[in-house]
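Have a look at the structure below, then the notes.
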There are 2 protein chains.
Amino acid sequence: MPGRLQRKAIDSLAGGDLADFKVGVDNVIFSVDTEQNRLLVLLVMRHDDPFLGYWSLPGTLVRHGESLEDAAYRVLSEKIRVENLYLEQLYTFGGPNRDPREAENSFGVRYLSVSHFALVRFAEAELIADGVSGIAWYPLSQVPTLAFDHNSILDYGYQRLRNKLEYSPIAFEVLPQTFTLGDLYQLYGTVLGPDFADYSNFRARLLKLGFLRDTGQKTSRGAGRPASLYCFDADAFEPCKDKPMVFI
Amino acid sequence: MPGRLQRKAIDSLAGGDLADFKVGVDNVIFSVDTEQNRLLVLLVMRHDDPFLGYWSLPGTLVRHGESLEDAAYRVLSEKIRVENLYLEQLYTFGGPNRDPREAENSFGVRYLSVSHFALVRFAEAELIADGVSGIAWYPLSQVPTLAFDHNSILDYGYQRLRNKLEYSPIAFEVLPQTFTLGDLYQLYGTVLGPDFADYSNFRARLLKLGFLRDTGQKTSRGAGRPASLYCFDADAFEPCKDKPMVFI
DNA sequence: GCAAAAGTGTTCCGACTACACCCATGC
DNA sequence: GCATGGGTGTAGTCGGAACACTTTTGC
């Protein structure tokens with residue numbers, strides 16, 4: 001290892017032994033099909049090397065003057081049309097050799113992926129199919145081997161989803177504007193596995209939190225008593241925003 | 001915006017409108033001085049432009065063939081000698097213009113910071129002073145205005161510290177190998193603020209978790225009954241690793 | 001009427017809170 | 001003895017788990 005002063009001198013030559021990076025953004029985009037009771041993730045087919053013909057998470061490389069978040073929103077808007085969505089940064093994967101485009105010895109340009117995590121409403125989300133690129137909602141249980149390290153990223157995103165469900169109101173980003181408590185319960189069951197909690201206790205707990213507003217409307221789905229339609233009341237939630245909270 | 005196919009053609013020319021990045025790693029390194037009951041963060045003085053003469057988080061730019069985590073460990077090892085430490089990735093800050101070295105129009109090279117969060121044992125940590133570079137433990141309450149967006153990064157790290165204290169056993173990474181339950185209580189008080197919990201309840205809860213082993217040794221510090229020295233039993237903790245857990 | 005789904009209530013039990021109280025040591 | 005900090009115990013209360021029960025619909 002070169003001495004500290006020597007290294008600094010090298011570094012200041014705007015190159016030296018420092019790696020040059022291209023920065024990518026890869027999005028783990030989840031949605032839930034409440035009809036079919038399935039947790040879905042958005043995948044796109046690759047049409048270029050490397051990993052030509054593999055499915056991958058929708059991603060892009062960051063452009064001049066573009067923030068990481070901007071890039072993440074751009075990928076989303078290129079793939080789906082959606083009104084509301086939730087998006088947050090997930091993790092940055094940046095080991096050498098995670099992308100085959102890097103030269104063998106890692107002395108070429110490096111590829112780094114700042115992954116993001118997004119939730120969209122299934123009914124509102126319209127996939128943008130351009131006739132060329134494959135794009136599809138995959139049930140999480142049927143996801144194939146993906147390009148790059150995208151299976152790891154997906155796993156990480158799924159874990160985040162489960163954690164977030166338990167202590168933050170992200171469920172309402174995936175549900176339609178109005179929903180029944182049964183829908184909400186099903187959503188939790190779909191993500192966390194059935195038997196994650198007793199229905200009537202779940203119900204009581206959520207209502208006690210105080211930010212679910214009964215719209216007065218009812219909905220009837222086949223047999224059984226019609227259910228009240230609720231909506232998430234953001235104003236009522238505001239005061240609890242920074243307090244810890246348990247949903248399950 | 002150019003059409004999709006056209007954009008792809010441009011991108012494939014290995015340049016186009018894609019930004020080029022240097023990737024930095026900045027570490028929020030915490031420690032706790034149990035004697036003086038203070039939460040400390042490690043800062044270094046900058047000796048180069050930009051922000052010459054400002055304090056900053058210890059950081060470095062990532063080199064060829066080096067992973068993000070490797071780079072984070074390297075910074076640490078250049079600044080302090082320490083046996084055990086805890087380190088995890090925090091967040092990636094990557095907006096354009098966060099670093100004045102970027103050209104005004106952001107069409108030059110961009111600087112991205114993958115921040116990390118570290119905990120070290122105060123007594124074990126020996127600062128490496130090379131006679132040139134300033135380096136110091138700063139009490140969190142006395143941190144000045146830092147270089148770049150490092151104050152934001154520090155805030156983010158402090159929040160992570162407080163969250164982690166509540167549901168994961170990171171406290172034992174900062175405490176000495178053996179410690180009294182009073183030490184542990186004080187540590188929590190130092191970070192979360194006093195009156196975060198009643199002492200005897202805190203005590204009962206921690207002991208019930210089952211991974212604090214009484215070493216049999218006693219320690220006497222001035223007046224008062226001597227306290228038992230405990231240590232963290234990693235084996236006993238293993239089974240609870242993935243279960244939710246509450247420390248406060 | 002009966003099945004199905006929504007919605008309500010009640011009992012039990014464990015966990016957390018807030019204290020009061022004993023123990024061992026230095027001075 | 002008494003101040004100081006370590007350590008134990010307990011009564012009251014809150015909240016979650018389990019489950020029984022009522023209500024409203026379709027058929």
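Labels used: A, B, ... for chains in the order of the structure tokens, numbers from 1 for residues in each chain, and numbers from 1 for ligands as shown.
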Using only C-alpha atoms (C1' of nucleotides), determine which residues of chain C fall within 9 Å of chain B; present them as number ranges by chain. C: 16-18, 23-27
Would you save the residues from that selection as a compact mmCIF listing (two decimals), in the first residue's frame, using all heavy atoms?
# COMPACT_ATOMS: atom_id res chain seq x y z
P DC C 16 -42.59 -6.64 28.29
OP1 DC C 16 -41.90 -6.93 27.02
OP2 DC C 16 -42.02 -7.12 29.57
O5' DC C 16 -42.83 -5.09 28.40
C5' DC C 16 -44.08 -4.52 27.99
C4' DC C 16 -44.58 -3.55 29.03
O4' DC C 16 -45.28 -4.24 30.08
C3' DC C 16 -43.46 -2.76 29.72
O3' DC C 16 -43.75 -1.38 29.59
C2' DC C 16 -43.54 -3.22 31.18
C1' DC C 16 -45.00 -3.60 31.30
N1 DC C 16 -45.34 -4.54 32.41
C2 DC C 16 -46.34 -4.18 33.33
O2 DC C 16 -46.92 -3.10 33.21
N3 DC C 16 -46.65 -5.05 34.33
C4 DC C 16 -46.00 -6.22 34.43
N4 DC C 16 -46.34 -7.04 35.41
C5 DC C 16 -44.97 -6.60 33.50
C6 DC C 16 -44.67 -5.73 32.52
P DT C 17 -42.90 -0.29 30.46
OP1 DT C 17 -42.82 0.93 29.63
OP2 DT C 17 -41.68 -0.96 30.93
O5' DT C 17 -43.80 0.04 31.72
C5' DT C 17 -45.13 0.53 31.54
C4' DT C 17 -45.59 1.22 32.82
O4' DT C 17 -45.94 0.22 33.82
C3' DT C 17 -44.55 2.13 33.46
O3' DT C 17 -45.20 3.32 33.87
C2' DT C 17 -44.02 1.30 34.63
C1' DT C 17 -45.22 0.43 35.01
N1 DT C 17 -44.90 -0.93 35.55
C2 DT C 17 -45.58 -1.41 36.64
O2 DT C 17 -46.44 -0.78 37.22
N3 DT C 17 -45.21 -2.67 37.04
C4 DT C 17 -44.25 -3.49 36.46
O4 DT C 17 -44.02 -4.60 36.92
C5 DT C 17 -43.57 -2.92 35.32
C7 DT C 17 -42.51 -3.70 34.65
C6 DT C 17 -43.91 -1.68 34.93
P DA C 18 -44.35 4.54 34.46
OP1 DA C 18 -44.90 5.77 33.85
OP2 DA C 18 -42.92 4.21 34.31
O5' DA C 18 -44.71 4.55 35.99
C5' DA C 18 -45.95 4.00 36.45
C4' DA C 18 -45.85 3.74 37.94
O4' DA C 18 -45.47 2.36 38.17
C3' DA C 18 -44.82 4.59 38.68
O3' DA C 18 -45.38 5.03 39.90
C2' DA C 18 -43.65 3.62 38.90
C1' DA C 18 -44.40 2.32 39.10
N9 DA C 18 -43.60 1.12 38.82
C8 DA C 18 -42.60 0.99 37.89
N7 DA C 18 -42.06 -0.19 37.87
C5 DA C 18 -42.75 -0.90 38.85
C6 DA C 18 -42.65 -2.23 39.32
N6 DA C 18 -41.78 -3.10 38.82
N1 DA C 18 -43.49 -2.61 40.30
C2 DA C 18 -44.36 -1.71 40.78
N3 DA C 18 -44.54 -0.43 40.42
C4 DA C 18 -43.70 -0.10 39.44
P DC C 23 -31.79 -8.24 53.18
OP1 DC C 23 -31.69 -9.71 53.18
OP2 DC C 23 -31.63 -7.46 54.43
O5' DC C 23 -30.74 -7.68 52.13
C5' DC C 23 -30.57 -8.35 50.89
C4' DC C 23 -29.29 -7.88 50.25
O4' DC C 23 -29.44 -6.49 49.86
C3' DC C 23 -28.05 -7.94 51.16
O3' DC C 23 -27.01 -8.51 50.40
C2' DC C 23 -27.79 -6.48 51.52
C1' DC C 23 -28.29 -5.76 50.25
N1 DC C 23 -28.75 -4.36 50.42
C2 DC C 23 -28.16 -3.35 49.65
O2 DC C 23 -27.27 -3.65 48.85
N3 DC C 23 -28.60 -2.08 49.81
C4 DC C 23 -29.57 -1.80 50.68
N4 DC C 23 -29.97 -0.52 50.79
C5 DC C 23 -30.19 -2.81 51.47
C6 DC C 23 -29.75 -4.07 51.32
P DA C 24 -25.76 -9.19 51.11
OP1 DA C 24 -25.41 -10.43 50.37
OP2 DA C 24 -26.00 -9.17 52.57
O5' DA C 24 -24.64 -8.10 50.77
C5' DA C 24 -24.11 -8.04 49.45
C4' DA C 24 -23.32 -6.77 49.32
O4' DA C 24 -24.17 -5.64 49.61
C3' DA C 24 -22.11 -6.65 50.26
O3' DA C 24 -20.99 -6.36 49.44
C2' DA C 24 -22.46 -5.47 51.16
C1' DA C 24 -23.40 -4.67 50.27
N9 DA C 24 -24.36 -3.81 50.97
C8 DA C 24 -25.25 -4.17 51.94
N7 DA C 24 -26.02 -3.18 52.35
C5 DA C 24 -25.59 -2.10 51.59
C6 DA C 24 -26.00 -0.74 51.56
N6 DA C 24 -26.97 -0.26 52.33
N1 DA C 24 -25.37 0.07 50.67
C2 DA C 24 -24.40 -0.45 49.90
N3 DA C 24 -23.93 -1.69 49.85
C4 DA C 24 -24.58 -2.47 50.73
P DT C 25 -19.54 -6.79 49.87
OP1 DT C 25 -18.96 -7.51 48.74
OP2 DT C 25 -19.58 -7.39 51.23
O5' DT C 25 -18.80 -5.39 50.02
C5' DT C 25 -18.65 -4.55 48.87
C4' DT C 25 -18.80 -3.10 49.24
O4' DT C 25 -20.03 -2.84 49.93
C3' DT C 25 -17.76 -2.50 50.18
O3' DT C 25 -16.65 -2.04 49.44
C2' DT C 25 -18.50 -1.35 50.85
C1' DT C 25 -19.92 -1.50 50.34
N1 DT C 25 -20.96 -1.18 51.34
C2 DT C 25 -21.46 0.10 51.37
O2 DT C 25 -21.09 0.99 50.61
N3 DT C 25 -22.42 0.33 52.32
C4 DT C 25 -22.91 -0.59 53.24
O4 DT C 25 -23.77 -0.27 54.04
C5 DT C 25 -22.34 -1.91 53.16
C7 DT C 25 -22.80 -2.98 54.12
C6 DT C 25 -21.39 -2.15 52.21
P DG C 26 -15.41 -1.36 50.12
OP1 DG C 26 -14.24 -1.48 49.23
OP2 DG C 26 -15.35 -1.86 51.51
O5' DG C 26 -15.85 0.18 50.21
C5' DG C 26 -15.94 0.96 49.01
C4' DG C 26 -16.10 2.43 49.36
O4' DG C 26 -17.30 2.62 50.14
C3' DG C 26 -14.96 3.03 50.18
O3' DG C 26 -14.78 4.38 49.77
C2' DG C 26 -15.48 2.94 51.62
C1' DG C 26 -16.99 3.12 51.43
N9 DG C 26 -17.81 2.37 52.39
C8 DG C 26 -17.67 1.06 52.73
N7 DG C 26 -18.56 0.64 53.59
C5 DG C 26 -19.34 1.75 53.83
C6 DG C 26 -20.48 1.91 54.69
O6 DG C 26 -21.01 1.07 55.40
N1 DG C 26 -20.97 3.21 54.63
C2 DG C 26 -20.45 4.21 53.87
N2 DG C 26 -21.07 5.39 53.96
N3 DG C 26 -19.40 4.08 53.07
C4 DG C 26 -18.90 2.83 53.10
P DC C 27 -13.54 5.19 50.24
OP1 DC C 27 -13.23 6.16 49.16
OP2 DC C 27 -12.51 4.23 50.71
O5' DC C 27 -14.11 5.99 51.49
C5' DC C 27 -15.17 6.95 51.29
C4' DC C 27 -15.69 7.42 52.63
O4' DC C 27 -16.47 6.37 53.25
C3' DC C 27 -14.59 7.77 53.65
O3' DC C 27 -14.67 9.15 53.98
C2' DC C 27 -14.90 6.90 54.88
C1' DC C 27 -16.35 6.50 54.64
N1 DC C 27 -16.70 5.18 55.24
C2 DC C 27 -17.86 5.09 56.03
O2 DC C 27 -18.56 6.08 56.22
N3 DC C 27 -18.18 3.88 56.57
C4 DC C 27 -17.41 2.81 56.35
N4 DC C 27 -17.77 1.66 56.90
C5 DC C 27 -16.22 2.90 55.57
C6 DC C 27 -15.91 4.09 55.03
Residues near Phe232 (chain A), cut-off 10 Å, only C-alpha atoms (C1' of nucleotides), skip fewer than 6 positions along chain, as a PyMOL selection string: chain A and resi 169+171-173+175+177-179+210-215
Next, the residues of the selection above should be written as a PDB file, in the first residue's frame with N, CA and C atoms.
ATOM      1  N   PRO A 169     -47.725   2.731   7.509  1.00  0.00           N
ATOM      2  CA  PRO A 169     -48.984   2.581   6.804  1.00  0.00           C
ATOM      3  C   PRO A 169     -48.816   2.432   5.311  1.00  0.00           C
ATOM      4  N   ALA A 171     -49.423  -0.079   3.535  1.00  0.00           N
ATOM      5  CA  ALA A 171     -50.439  -0.937   2.912  1.00  0.00           C
ATOM      6  C   ALA A 171     -51.412  -0.102   2.082  1.00  0.00           C
ATOM      7  N   PHE A 172     -51.647   1.123   2.534  1.00  0.00           N
ATOM      8  CA  PHE A 172     -52.648   1.960   1.877  1.00  0.00           C
ATOM      9  C   PHE A 172     -52.149   2.541   0.559  1.00  0.00           C
ATOM     10  N   GLU A 173     -50.867   2.318   0.286  1.00  0.00           N
ATOM     11  CA  GLU A 173     -50.319   2.733  -1.007  1.00  0.00           C
ATOM     12  C   GLU A 173     -50.618   1.680  -2.070  1.00  0.00           C
ATOM     13  N   LEU A 175     -53.353  -0.624  -1.724  1.00  0.00           N
ATOM     14  CA  LEU A 175     -54.788  -0.866  -1.823  1.00  0.00           C
ATOM     15  C   LEU A 175     -55.440   0.227  -2.657  1.00  0.00           C
ATOM     16  N   GLN A 177     -58.174   3.233  -3.375  1.00  0.00           N
ATOM     17  CA  GLN A 177     -58.536   4.363  -2.510  1.00  0.00           C
ATOM     18  C   GLN A 177     -59.469   3.942  -1.380  1.00  0.00           C
ATOM     19  N   THR A 178     -60.504   3.212  -1.733  1.00  0.00           N
ATOM     20  CA  THR A 178     -61.388   2.688  -0.685  1.00  0.00           C
ATOM     21  C   THR A 178     -61.320   1.170  -0.712  1.00  0.00           C
ATOM     22  N   PHE A 179     -61.442   0.610   0.466  1.00  0.00           N
ATOM     23  CA  PHE A 179     -61.219  -0.827   0.616  1.00  0.00           C
ATOM     24  C   PHE A 179     -61.982  -1.298   1.839  1.00  0.00           C
ATOM     25  N   GLY A 210     -57.194   4.859  14.571  1.00  0.00           N
ATOM     26  CA  GLY A 210     -57.933   6.108  14.383  1.00  0.00           C
ATOM     27  C   GLY A 210     -57.769   6.831  13.072  1.00  0.00           C
ATOM     28  N   PHE A 211     -57.082   6.240  12.105  1.00  0.00           N
ATOM     29  CA  PHE A 211     -56.957   6.950  10.836  1.00  0.00           C
ATOM     30  C   PHE A 211     -57.603   6.213   9.677  1.00  0.00           C
ATOM     31  N   LEU A 212     -58.458   5.249  10.024  1.00  0.00           N
ATOM     32  CA  LEU A 212     -59.267   4.637   8.967  1.00  0.00           C
ATOM     33  C   LEU A 212     -60.658   5.245   9.060  1.00  0.00           C
ATOM     34  N   ARG A 213     -61.102   5.886   7.993  1.00  0.00           N
ATOM     35  CA  ARG A 213     -62.387   6.568   8.005  1.00  0.00           C
ATOM     36  C   ARG A 213     -63.406   5.737   7.239  1.00  0.00           C
ATOM     37  N   ASP A 214     -64.526   5.508   7.892  1.00  0.00           N
ATOM     38  CA  ASP A 214     -65.625   4.779   7.254  1.00  0.00           C
ATOM     39  C   ASP A 214     -66.305   5.730   6.275  1.00  0.00           C
ATOM     40  N   THR A 215     -66.311   5.356   5.002  1.00  0.00           N
ATOM     41  CA  THR A 215     -66.889   6.261   3.994  1.00  0.00           C
ATOM     42  C   THR A 215     -68.409   6.208   3.987  1.00  0.00           C
TER      43      THR A 215
END
Counting only C-alpha atoms, which residues from chain A have an atom at most 8 Å from any atom of chain B, and could you show them as a tab-separated table (two decimals) with all heavy atoms, in the first residue's frame?
chain	number	residue	atom	x	y	z
A	17	ASP	N	-5.54	5.51	-8.60
A	17	ASP	CA	-6.07	4.18	-8.40
A	17	ASP	C	-7.56	4.20	-8.03
A	17	ASP	O	-8.10	3.24	-7.55
A	17	ASP	CB	-5.26	3.47	-7.31
A	17	ASP	CG	-5.16	4.32	-6.06
A	17	ASP	OD1	-5.70	5.45	-6.07
A	17	ASP	OD2	-4.57	3.85	-5.08
A	18	LEU	N	-8.20	5.33	-8.24
A	18	LEU	CA	-9.62	5.40	-7.92
A	18	LEU	C	-10.44	4.76	-9.03
A	18	LEU	O	-10.12	4.89	-10.21
A	18	LEU	CB	-10.06	6.86	-7.78
A	18	LEU	CG	-9.37	7.65	-6.68
A	18	LEU	CD1	-9.96	9.04	-6.61
A	18	LEU	CD2	-9.50	6.93	-5.35
A	19	ALA	N	-11.51	4.09	-8.63
A	19	ALA	CA	-12.38	3.46	-9.61
A	19	ALA	C	-13.32	4.49	-10.22
A	19	ALA	O	-13.73	5.44	-9.55
A	19	ALA	CB	-13.17	2.34	-8.95
A	20	ASP	N	-13.64	4.30	-11.50
A	20	ASP	CA	-14.66	5.11	-12.15
A	20	ASP	C	-15.94	4.30	-12.20
A	20	ASP	O	-15.92	3.12	-12.53
A	20	ASP	CB	-14.21	5.48	-13.57
A	20	ASP	CG	-13.13	6.52	-13.53
A	20	ASP	OD1	-13.39	7.62	-13.00
A	20	ASP	OD2	-12.01	6.23	-14.02
A	21	PHE	N	-17.02	4.99	-11.90
A	21	PHE	CA	-18.29	4.28	-11.80
A	21	PHE	C	-19.34	4.80	-12.77
A	21	PHE	O	-19.40	6.01	-13.04
A	21	PHE	CB	-18.87	4.44	-10.38
A	21	PHE	CG	-18.18	3.62	-9.34
A	21	PHE	CD1	-17.07	4.12	-8.66
A	21	PHE	CD2	-18.65	2.36	-9.01
A	21	PHE	CE1	-16.44	3.36	-7.68
A	21	PHE	CE2	-18.02	1.61	-8.03
A	21	PHE	CZ	-16.92	2.11	-7.36
A	22	LYS	N	-20.14	3.86	-13.23
A	22	LYS	CA	-21.46	4.20	-13.73
A	22	LYS	C	-22.42	3.81	-12.62
A	22	LYS	O	-22.23	2.76	-12.00
A	22	LYS	CB	-21.80	3.43	-15.01
A	22	LYS	CG	-20.92	3.75	-16.19
A	22	LYS	CD	-21.14	5.16	-16.70
A	22	LYS	CE	-20.29	5.41	-17.94
A	22	LYS	NZ	-20.36	6.81	-18.38
A	23	VAL	N	-23.42	4.64	-12.38
A	23	VAL	CA	-24.34	4.35	-11.29
A	23	VAL	C	-25.70	4.00	-11.86
A	23	VAL	O	-26.28	4.77	-12.63
A	23	VAL	CB	-24.44	5.53	-10.33
A	23	VAL	CG1	-25.53	5.27	-9.30
A	23	VAL	CG2	-23.11	5.76	-9.63
A	61	LEU	N	-29.42	3.62	-15.97
A	61	LEU	CA	-28.22	4.29	-15.49
A	61	LEU	C	-28.53	5.76	-15.27
A	61	LEU	O	-29.36	6.35	-15.98
A	61	LEU	CB	-27.08	4.10	-16.50
A	61	LEU	CG	-26.59	2.65	-16.60
A	61	LEU	CD1	-25.65	2.46	-17.79
A	61	LEU	CD2	-25.88	2.22	-15.31
A	62	VAL	N	-27.88	6.36	-14.29
A	62	VAL	CA	-28.16	7.74	-13.91
A	62	VAL	C	-27.53	8.70	-14.90
A	62	VAL	O	-26.37	8.53	-15.29
A	62	VAL	CB	-27.63	8.03	-12.49
A	62	VAL	CG1	-27.87	9.48	-12.11
A	62	VAL	CG2	-28.30	7.10	-11.48
A	63	ARG	N	-28.30	9.70	-15.30
A	63	ARG	CA	-27.84	10.65	-16.30
A	63	ARG	C	-27.26	11.91	-15.67
A	63	ARG	O	-27.41	12.15	-14.47
A	63	ARG	CB	-29.00	11.07	-17.20
A	63	ARG	CG	-29.62	9.90	-17.93
A	63	ARG	CD	-30.73	10.39	-18.83
A	63	ARG	NE	-31.41	9.27	-19.46
A	63	ARG	CZ	-32.52	9.40	-20.17
A	63	ARG	NH1	-33.08	10.60	-20.33
A	63	ARG	NH2	-33.08	8.35	-20.72
A	64	HIS	N	-26.65	12.71	-16.49
A	64	HIS	CA	-26.13	14.00	-16.03
A	64	HIS	C	-27.24	14.82	-15.39
A	64	HIS	O	-28.35	14.90	-15.92
A	64	HIS	CB	-25.59	14.80	-17.22
A	64	HIS	CG	-24.26	14.30	-17.69
A	64	HIS	ND1	-24.03	13.95	-18.99
A	64	HIS	CD2	-23.10	14.08	-17.03
A	64	HIS	CE1	-22.77	13.54	-19.11
A	64	HIS	NE2	-22.20	13.60	-17.94
A	65	GLY	N	-26.92	15.42	-14.26
A	65	GLY	CA	-27.86	16.34	-13.65
A	65	GLY	C	-29.08	15.68	-13.02
A	65	GLY	O	-29.99	16.36	-12.57
A	66	GLU	N	-29.05	14.37	-12.94
A	66	GLU	CA	-30.22	13.64	-12.43
A	66	GLU	C	-29.91	13.07	-11.05
A	66	GLU	O	-28.85	12.47	-10.87
A	66	GLU	CB	-30.55	12.51	-13.41
A	66	GLU	CG	-31.83	11.78	-13.15
A	66	GLU	CD	-32.08	10.71	-14.21
A	66	GLU	OE1	-31.17	9.91	-14.48
A	66	GLU	OE2	-33.18	10.68	-14.77
A	67	SER	N	-30.80	13.25	-10.11
A	67	SER	CA	-30.57	12.67	-8.79
A	67	SER	C	-30.93	11.19	-8.83
A	67	SER	O	-31.58	10.72	-9.76
A	67	SER	CB	-31.41	13.37	-7.73
A	67	SER	OG	-32.76	13.00	-7.86
A	68	LEU	N	-30.51	10.47	-7.79
A	68	LEU	CA	-30.82	9.04	-7.73
A	68	LEU	C	-32.33	8.83	-7.74
A	68	LEU	O	-32.86	7.97	-8.43
A	68	LEU	CB	-30.21	8.43	-6.48
A	68	LEU	CG	-28.68	8.53	-6.37
A	68	LEU	CD1	-28.22	8.05	-5.00
A	68	LEU	CD2	-28.02	7.71	-7.46
A	89	GLN	N	-35.38	4.58	-0.97
A	89	GLN	CA	-34.12	3.91	-1.29
A	89	GLN	C	-33.98	2.66	-0.45
A	89	GLN	O	-34.42	2.64	0.71
A	89	GLN	CB	-32.96	4.86	-1.01
A	89	GLN	CG	-31.67	4.42	-1.64
A	89	GLN	CD	-30.48	5.28	-1.20
A	89	GLN	OE1	-29.64	4.87	-0.42
A	89	GLN	NE2	-30.43	6.50	-1.71
A	91	TYR	N	-30.98	-0.07	-0.81
A	91	TYR	CA	-29.62	-0.45	-0.45
A	91	TYR	C	-28.74	-0.24	-1.68
A	91	TYR	O	-29.23	-0.25	-2.80
A	91	TYR	CB	-29.57	-1.93	-0.04
A	91	TYR	CG	-28.36	-2.34	0.73
A	91	TYR	CD1	-28.26	-2.07	2.08
A	91	TYR	CD2	-27.29	-2.98	0.10
A	91	TYR	CE1	-27.14	-2.44	2.80
A	91	TYR	CE2	-26.16	-3.35	0.80
A	91	TYR	CZ	-26.10	-3.08	2.16
A	91	TYR	OH	-24.98	-3.44	2.88
A	92	THR	N	-27.45	-0.09	-1.44
A	92	THR	CA	-26.54	0.09	-2.57
A	92	THR	C	-25.62	-1.11	-2.70
A	92	THR	O	-24.89	-1.44	-1.77
A	92	THR	CB	-25.72	1.38	-2.39
A	92	THR	OG1	-26.62	2.47	-2.36
A	92	THR	CG2	-24.75	1.55	-3.53
A	94	GLY	N	-22.53	-2.69	-4.53
A	94	GLY	CA	-21.44	-2.12	-5.30
A	94	GLY	C	-20.14	-2.88	-5.28
A	94	GLY	O	-19.09	-2.30	-5.50
A	95	GLY	N	-20.18	-4.16	-5.04
A	95	GLY	CA	-18.95	-4.92	-5.06
A	95	GLY	C	-18.37	-4.93	-6.46
A	95	GLY	O	-19.10	-4.75	-7.43
A	96	PRO	N	-17.07	-5.13	-6.57
A	96	PRO	CA	-16.50	-5.29	-7.90
A	96	PRO	C	-17.00	-6.61	-8.48
A	96	PRO	O	-17.36	-7.52	-7.74
A	96	PRO	CB	-15.00	-5.31	-7.65
A	96	PRO	CG	-14.84	-5.72	-6.23
A	96	PRO	CD	-16.06	-5.29	-5.51
A	105	ASN	N	-10.25	-7.62	-14.43
A	105	ASN	CA	-9.38	-7.19	-13.33
A	105	ASN	C	-9.98	-6.03	-12.54
A	105	ASN	O	-9.36	-5.49	-11.64
A	105	ASN	CB	-8.01	-6.77	-13.87
A	105	ASN	CG	-8.15	-5.70	-14.94
A	105	ASN	OD1	-9.23	-5.11	-15.08
A	105	ASN	ND2	-7.08	-5.44	-15.66
A	106	SER	N	-11.20	-5.61	-12.90
A	106	SER	CA	-11.87	-4.53	-12.20
A	106	SER	C	-11.13	-3.20	-12.31
A	106	SER	O	-11.32	-2.31	-11.50
A	106	SER	CB	-12.07	-4.85	-10.72
A	106	SER	OG	-13.04	-5.85	-10.61
A	107	PHE	N	-10.27	-3.10	-13.32
A	107	PHE	CA	-9.61	-1.81	-13.49
A	107	PHE	C	-10.32	-0.94	-14.51
A	107	PHE	O	-9.95	0.19	-14.75
A	107	PHE	CB	-8.13	-2.01	-13.87
A	107	PHE	CG	-7.24	-2.02	-12.69
A	107	PHE	CD1	-7.32	-3.04	-11.76
A	107	PHE	CD2	-6.36	-0.97	-12.48
A	107	PHE	CE1	-6.50	-3.04	-10.65
A	107	PHE	CE2	-5.54	-0.96	-11.37
A	107	PHE	CZ	-5.61	-1.99	-10.45
A	114	VAL	N	-27.86	1.42	-7.04
A	114	VAL	CA	-28.59	1.94	-5.89
A	114	VAL	C	-30.03	1.45	-6.04
A	114	VAL	O	-30.78	1.96	-6.87
A	114	VAL	CB	-28.56	3.47	-5.84
A	114	VAL	CG1	-29.29	3.98	-4.63
A	114	VAL	CG2	-27.12	3.97	-5.84
Per DSSP on the backbone, what are the strand (DSSP E) residues of region 14-240 of chain A, as a VMD selection string? chain A and resid 21 to 33 38 to 45 55 to 56 59 to 61 80 to 81 85 to 93 110 to 120 126 to 127 135 to 139 178 to 179 212 to 219 227 to 232
Contacts of chain D with chain B up to 12 Å, shortest pair per row, only C-alpha atoms (C1' of nucleotides), as JSON lines:
{"residue": "D:DC2", "atom": "C1'", "partner": "B:Gly224", "partner_atom": "CA", "distance": 11.6}
{"residue": "D:DA3", "atom": "C1'", "partner": "B:Ala223", "partner_atom": "CA", "distance": 8.4}
{"residue": "D:DT4", "atom": "C1'", "partner": "B:Gly224", "partner_atom": "CA", "distance": 4.7}
{"residue": "D:DG5", "atom": "C1'", "partner": "B:Gly224", "partner_atom": "CA", "distance": 4.4}
{"residue": "D:DG6", "atom": "C1'", "partner": "B:Arg225", "partner_atom": "CA", "distance": 5.4}
{"residue": "D:DG7", "atom": "C1'", "partner": "B:Ser200", "partner_atom": "CA", "distance": 8.4}
{"residue": "D:DT8", "atom": "C1'", "partner": "B:Ser200", "partner_atom": "CA", "distance": 9.0}
{"residue": "D:DG9", "atom": "C1'", "partner": "B:Ser200", "partner_atom": "CA", "distance": 10.6}
Quick check, in Å to one decimal: how far apart do CA of Asp26 (chain B) and CA of Ser113 (chain B) lie?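 CA of Ser113 (chain B) lies 6.4 Å from CA of Asp26 (chain B).
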Contacts of Leu127 (chain B) within 9 Å, only C-alpha atoms (C1' of nucleotides), excl. fewer than 5 positions in-chain, as a list of chain:residue names: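 Listing them by chain and then by number gives B:Lys79, B:Ile80, B:Arg81, B:Val82, B:Ile135, B:Ala136.
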One number please: CA of Leu76 (chain A) to CA of Phe51 (chain A), in Å, one decimal.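 Interatomic distance, CA of Leu76 (chain A) to CA of Phe51 (chain A): 21.1 Å.
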Could you list, as a PDB file with C-alpha atoms (C1' of nucleotides), in the first residue's frame, every residue within 10 Å of DG16 (chain D), counting only C-alpha atoms (C1' of nucleotides) and ignoring same-chain residues fewer than 2 positions away?
ATOM      1  CA  ASN A 201     -58.162  -8.611  16.665  1.00  0.00           C
ATOM      2  CA  ARG A 205     -56.371  -2.828  16.419  1.00  0.00           C
TER       3      ARG A 205
ATOM      4  C1'  DC C  13     -53.286 -14.094  30.631  1.00  0.00           C
ATOM      5  C1'  DG C  14     -48.774 -12.197  30.084  1.00  0.00           C
ATOM      6  C1'  DA C  15     -46.154  -8.062  30.016  1.00  0.00           C
TER       7       DA C  15
ATOM      8  C1'  DC D  14     -52.969  -2.222  29.955  1.00  0.00           C
ATOM      9  C1'  DA D  18     -58.371 -16.733  21.505  1.00  0.00           C
TER      10       DA D  18
END
